[in-house]
Structures are given as C-alpha cells and as structure tokens.
Amino acid sequence: MRSTGGRQRGEGGGRARGRGDADRTAPNPGPGGSSRPVRDPEMRLYGLNACLVAFARRPRDLRKVYLSEARIPALREVLAWCVAQRIGYRVVGEEDLRKLAASSHHEGVVFDMRPPAVPGLETLLQSVRGRPSLLLWLDGVGNPHNLGAVLRSSAHFGVDAVLVPPGSGLALSGAACRVAEGGAEAVPLLRLVNADAAMDCLREAGFRFAATLPTGGNDLFRAELPERMVLVFGAEQQGMSRALVEACELRLGIPGSGAVESLNIASAAAVFLGEWRRRRG
C-alpha cells in the first residue's frame, strides 16, 4: 500500500546502524530456508510506554537505565529492580538523553536491553496450528515510524507475526519501538532467508496470500477473507513488485471517496486488520 508522501528521514531514519538497530532475527537458514531464532546481545529502547512494557515482560533482559529526574516516580519499580539485581542506572539531563536515544522523542527514559527472542517460521507455524491466524508481509517498507505504527495495530488486532523478506533493510529500532507503544513486545518481527521457500511453507500450512493495492483490488469489505491469511504490503511509494502481486491469490483494496490516491501503510494496515478481526468475532 503506497503512501501519499515521500519517505521520511529524521528520528531513527537515514542514520548508520547502531546498537539501537539490532535485528530480531539474523539470516541463518532453517528447514525450508526460512529463519531460525537468533538473539542479538543488546539494543537501545526509549519512550516511556515502550520501556515499561519491555520491562514488565522481560525484566531479566534489562542491562542499564538512563532517566530524567522527572521520571523517577514513574520508574520506581524499575529502579528497585536495578538496585536488587545490581543493574546500573543514571539520572541524566535532557541533552544526555537526546544523545543516548539519538532522538528528541526519548520521553525521559532510555533502556539498554537484550531484544526479545524471536521464533523461527516453523516454530511460529506450530504455535498457530489449527486456528485462524493473520500474518503481515512487509515488502520494501523502510520507515521505522511506519513499522512502529504497524506493530502497534498488529498487537491491538491480534496479528501473530510480521514477516520481512531477505534483503529488506527493515529492522526493529528504538524509533520503531517508541511508536509501537509496547506492540513490539507482543508481535515478533521475523526476517526470512528465502522468500519462495517461506511462501511455500506458509501455503502448506493453509495460508493464502493477499496483496494490498491502492487501486484495482477487490473491495475489502465485500471480499471473502480466509481464516489463515498473509497480508502483503508494498513500499511506501513504489508499492509491491508485479511479480509479488501475481504470486498472491487475493488482491484487496480499501474503497474510499477518491479525494486522495490511497492511505499510507500505517493507516491502511489498521483498516485491513480491523476488518479481519471483525470477521473473526
């Protein structure tokens, strides 16, 4: 689903990869050329909700805390844990927080944490066996804010995983986690190794692929939606490749007034996911 604007730069975008941009999976092939869980040693989180949710789910992955004096009341439980576990924390000023987060949107707190463990594709498919399941496939999407918004909507509507193909530059980052508001802890981001093998594996598990198109797709609200579906979204401006569209069994679009060409990926994903969830009851 294409956006109506250009690709953004700024927070989390257009800078070299660093400790805040650790992938949640590395491209080590598993059976069928999909993915094996690989856990990077550390990443940098910021944003109050993102940090609090990560701590609530995985306190033992916490490595260091930086916070403003104003955030001490909101982080008392975290600081008590740091004292009990002998984990370092520092009260620092605004400029230090901005440098640590490489962003002015740190919301007064920065964590160094191990990233969450991510299952391989085969493990994921075992976990959803015998029940309805929705997965997202992001082809060419690169903006960390869009990824964060997609993860937040995915967590809200019960998506089981977000998949990225080989060669994608998309990775979990501090910027994406902040925008996700805790959604990055609920929905794993799986990096695939072989796209064709992964598609075959997913089809064998009963999934059907649906391309999301700005124009020419079947009306989302009238189309039949399978209980096990992979929604495929293309790059913000270019959309997805013709070959990928043709590889999908379904082609879906969101009807609108025509006053604008389309929704951006974050807004479109929320509409698609909400409609799929509504059908499931």
# chains A, B, ... in the order shown; residues from 1 in each chain; ligands from 1
call {"tool": "select_by_dssp", "arguments": {"residues": "range 22-227 of chain A", "states": "helix (DSSP H, G or I)", "output": "ChimeraX atom specification"}}
result
/A:31-33,48-57,59-61,69-71,73-85,94-101,121-127,144-157,174-180,183-186,195-204
call {"tool": "write_last_selection", "arguments": {"atoms": "C-alpha atoms", "output": "compact mmCIF listing (two decimals), in the first residue's frame"}}
result
# COMPACT_ATOMS: atom_id res chain seq x y z
CA PRO A 31 14.40 -26.04 7.33
CA GLY A 32 12.84 -24.79 4.11
CA GLY A 33 15.15 -21.77 4.03
CA LEU A 48 8.07 5.60 28.43
CA ASN A 49 5.45 3.05 27.32
CA ALA A 50 7.89 1.09 25.17
CA CYS A 51 10.32 0.79 28.08
CA LEU A 52 7.72 -0.02 30.71
CA VAL A 53 6.12 -2.77 28.62
CA ALA A 54 9.51 -4.28 27.78
CA PHE A 55 10.44 -4.30 31.47
CA ALA A 56 7.10 -5.80 32.50
CA ARG A 57 7.52 -8.66 30.04
CA PRO A 59 12.84 -7.67 33.36
CA ARG A 60 15.84 -10.01 33.23
CA ASP A 61 16.80 -8.63 29.81
CA GLU A 69 14.75 13.23 37.40
CA ALA A 70 11.12 13.84 36.47
CA ARG A 71 10.70 10.17 35.51
CA PRO A 73 8.18 8.37 40.19
CA ALA A 74 7.03 6.52 37.06
CA LEU A 75 10.05 4.21 37.15
CA ARG A 76 10.26 3.37 40.85
CA GLU A 77 9.61 -0.33 40.25
CA VAL A 78 12.30 -0.41 37.57
CA LEU A 79 14.81 1.34 39.83
CA ALA A 80 14.03 -1.02 42.71
CA TRP A 81 14.74 -3.94 40.38
CA CYS A 82 18.01 -2.32 39.31
CA VAL A 83 19.09 -2.00 42.94
CA ALA A 84 18.11 -5.59 43.76
CA GLN A 85 19.81 -7.00 40.65
CA GLU A 94 17.91 16.33 28.61
CA GLU A 95 20.95 16.67 26.36
CA ASP A 96 22.41 13.35 27.51
CA LEU A 97 19.09 11.59 26.93
CA ARG A 98 18.84 13.09 23.46
CA LYS A 99 22.32 11.84 22.59
CA LEU A 100 21.70 8.39 24.06
CA ALA A 101 18.47 7.94 22.12
CA LEU A 121 8.98 -19.66 10.94
CA GLU A 122 8.49 -23.36 11.66
CA THR A 123 8.04 -22.68 15.38
CA LEU A 124 5.60 -19.89 14.59
CA LEU A 125 3.52 -22.16 12.37
CA GLN A 126 3.41 -24.80 15.08
CA SER A 127 2.08 -22.21 17.54
CA PRO A 144 10.76 2.93 11.23
CA HIS A 145 7.77 5.05 12.23
CA ASN A 146 5.55 3.12 9.84
CA LEU A 147 6.91 -0.14 11.22
CA GLY A 148 6.15 1.02 14.75
CA ALA A 149 2.60 2.01 13.83
CA VAL A 150 2.06 -1.33 12.06
CA LEU A 151 3.35 -3.23 15.11
CA ARG A 152 1.02 -1.25 17.39
CA SER A 153 -2.02 -2.04 15.22
CA SER A 154 -0.88 -5.65 14.85
CA ALA A 155 -0.72 -6.07 18.61
CA HIS A 156 -4.14 -4.49 19.05
CA PHE A 157 -5.83 -6.72 16.47
CA GLY A 174 14.36 2.44 19.20
CA ALA A 175 12.25 4.66 16.95
CA ALA A 176 10.01 1.78 15.87
CA CYS A 177 9.57 0.54 19.44
CA ARG A 178 8.64 4.01 20.70
CA VAL A 179 5.94 4.42 18.07
CA ALA A 180 4.71 0.86 18.70
CA GLY A 183 3.40 -3.51 20.42
CA ALA A 184 6.91 -4.61 19.51
CA GLU A 185 6.88 -6.84 22.60
CA ALA A 186 3.69 -8.60 21.53
CA ALA A 195 11.06 -15.76 0.17
CA ASP A 196 9.90 -18.50 -2.19
CA ALA A 197 10.58 -21.25 0.34
CA ALA A 198 8.78 -19.28 3.04
CA MET A 199 5.74 -18.76 0.81
CA ASP A 200 5.64 -22.49 0.05
CA CYS A 201 5.89 -23.29 3.76
CA LEU A 202 3.07 -20.89 4.60
CA ARG A 203 0.82 -22.27 1.85
CA GLU A 204 1.42 -25.81 3.08
call {"tool": "residues_around", "arguments": {"residues": "range 220-236 of chain A", "least_positions_apart": "6", "cutoff": "8 Å", "atoms": "only C-alpha atoms", "output": "PyMOL selection string"}}
result
chain A and resi 1-3+6-7+131-142+206-212+252-255+264-265+272+275-276+280
call {"tool": "closest_residue", "arguments": {"among": "A:Met240, A:Leu62, A:Cys248, A:Ala270", "to": "Pro115 in chain A", "atoms": "only C-alpha atoms"}}
result
A:Leu62
call {"tool": "residues_around", "arguments": {"residues": "Gly108 in chain A", "least_positions_apart": "2", "cutoff": "6 Å", "atoms": "only C-alpha atoms", "output": "PyMOL selection string"}}
result
chain A and resi 67-68+106
call {"tool": "select_by_dssp", "arguments": {"residues": "range 72-242 of chain A", "states": "strand (DSSP E or B)", "output": "ChimeraX atom specification"}}
result
/A:88-91,109-113,133-138,161-164,189-191,208-212,218-219,228-233,235,239
call {"tool": "decode", "arguments": {"residues": "range 147-259 of chain A", "atoms": "C-alpha atoms", "output": "short mmCIF file (atom, residue, chain, number, x, y, z; two decimals), in the first residue's frame"}}
result
data_model
loop_
_atom_site.label_atom_id
_atom_site.label_comp_id
_atom_site.auth_asym_id
_atom_site.auth_seq_id
_atom_site.Cartn_x
_atom_site.Cartn_y
_atom_site.Cartn_z
CA LEU A 147 6.91 -0.14 11.22
CA GLY A 148 6.15 1.02 14.75
CA ALA A 149 2.60 2.01 13.83
CA VAL A 150 2.06 -1.33 12.06
CA LEU A 151 3.35 -3.23 15.11
CA ARG A 152 1.02 -1.25 17.39
CA SER A 153 -2.02 -2.04 15.22
CA SER A 154 -0.88 -5.65 14.85
CA ALA A 155 -0.72 -6.07 18.61
CA HIS A 156 -4.14 -4.49 19.05
CA PHE A 157 -5.83 -6.72 16.47
CA GLY A 158 -4.02 -9.96 17.31
CA VAL A 159 -1.62 -10.45 14.40
CA ASP A 160 0.67 -13.41 15.04
CA ALA A 161 3.82 -12.08 13.35
CA VAL A 162 5.24 -9.56 10.90
CA LEU A 163 7.48 -11.05 8.21
CA VAL A 164 10.20 -9.26 6.25
CA PRO A 165 11.85 -10.80 3.18
CA PRO A 166 15.60 -11.24 2.64
CA GLY A 167 17.40 -8.08 1.64
CA SER A 168 14.98 -5.84 3.49
CA GLY A 169 16.58 -3.01 5.43
CA LEU A 170 13.72 -3.04 7.91
CA ALA A 171 14.73 -3.84 11.48
CA LEU A 172 13.48 -3.23 14.97
CA SER A 173 14.88 0.03 16.34
CA GLY A 174 14.36 2.44 19.20
CA ALA A 175 12.25 4.66 16.95
CA ALA A 176 10.01 1.78 15.87
CA CYS A 177 9.57 0.54 19.44
CA ARG A 178 8.64 4.01 20.70
CA VAL A 179 5.94 4.42 18.07
CA ALA A 180 4.71 0.86 18.70
CA GLU A 181 3.96 1.81 22.36
CA GLY A 182 4.68 -1.74 23.55
CA GLY A 183 3.40 -3.51 20.42
CA ALA A 184 6.91 -4.61 19.51
CA GLU A 185 6.88 -6.84 22.60
CA ALA A 186 3.69 -8.60 21.53
CA VAL A 187 4.29 -9.22 17.81
CA PRO A 188 7.53 -10.84 16.63
CA LEU A 189 9.37 -9.47 13.59
CA LEU A 190 10.71 -12.42 11.59
CA ARG A 191 13.40 -11.95 8.96
CA LEU A 192 13.14 -14.61 6.27
CA VAL A 193 16.01 -16.08 4.29
CA ASN A 194 14.31 -17.42 1.18
CA ALA A 195 11.06 -15.76 0.17
CA ASP A 196 9.90 -18.50 -2.19
CA ALA A 197 10.58 -21.25 0.34
CA ALA A 198 8.78 -19.28 3.04
CA MET A 199 5.74 -18.76 0.81
CA ASP A 200 5.64 -22.49 0.05
CA CYS A 201 5.89 -23.29 3.76
CA LEU A 202 3.07 -20.89 4.60
CA ARG A 203 0.82 -22.27 1.85
CA GLU A 204 1.42 -25.81 3.08
CA ALA A 205 0.21 -24.60 6.48
CA GLY A 206 -3.04 -23.39 4.92
CA PHE A 207 -2.29 -19.68 4.48
CA ARG A 208 -3.42 -17.67 1.48
CA PHE A 209 -1.62 -14.53 0.36
CA ALA A 210 -3.48 -11.25 -0.20
CA ALA A 211 -1.83 -8.30 -1.96
CA THR A 212 -2.99 -4.91 -0.66
CA LEU A 213 -3.37 -2.47 -3.56
CA PRO A 214 -4.14 1.28 -3.72
CA THR A 215 -6.26 0.73 -6.86
CA GLY A 216 -7.71 -2.24 -8.69
CA GLY A 217 -8.13 -4.55 -5.72
CA ASN A 218 -11.35 -6.23 -4.66
CA ASP A 219 -13.36 -4.32 -2.07
CA LEU A 220 -12.02 -5.35 1.36
CA PHE A 221 -15.45 -5.04 2.95
CA ARG A 222 -17.14 -7.30 0.41
CA ALA A 223 -14.41 -9.84 -0.29
CA GLU A 224 -14.21 -13.21 1.39
CA LEU A 225 -11.29 -13.25 3.81
CA PRO A 226 -9.69 -16.61 4.60
CA GLU A 227 -9.19 -17.62 8.22
CA ARG A 228 -5.46 -18.07 7.64
CA MET A 229 -4.10 -15.16 5.64
CA VAL A 230 -0.85 -13.32 4.90
CA LEU A 231 -1.49 -9.66 4.09
CA VAL A 232 1.27 -8.29 1.86
CA PHE A 233 2.11 -4.58 1.92
CA GLY A 234 4.46 -2.90 -0.51
CA ALA A 235 6.86 0.02 -0.20
CA GLU A 236 5.51 3.39 0.88
CA GLN A 237 5.83 4.93 -2.59
CA GLN A 238 6.62 2.21 -5.12
CA GLY A 239 4.14 -0.38 -3.93
CA MET A 240 4.97 -4.06 -4.34
CA SER A 241 6.51 -5.67 -7.40
CA ARG A 242 4.26 -7.04 -10.13
CA ALA A 243 5.74 -10.50 -9.57
CA LEU A 244 4.76 -10.42 -5.90
CA VAL A 245 1.25 -9.24 -6.73
CA GLU A 246 0.87 -12.09 -9.19
CA ALA A 247 2.11 -14.56 -6.58
CA CYS A 248 -0.79 -13.63 -4.28
CA GLU A 249 -4.09 -15.47 -4.53
CA LEU A 250 -6.11 -12.42 -3.46
CA ARG A 251 -5.91 -8.72 -4.31
CA LEU A 252 -7.62 -6.37 -1.91
CA GLY A 253 -8.17 -2.64 -1.69
CA ILE A 254 -9.90 -0.17 0.61
CA PRO A 255 -12.74 1.73 -1.09
CA GLY A 256 -12.79 5.47 -0.49
CA SER A 257 -14.02 8.80 -1.78
CA GLY A 258 -11.24 9.18 -4.35
CA ALA A 259 -10.23 12.55 -2.93
#
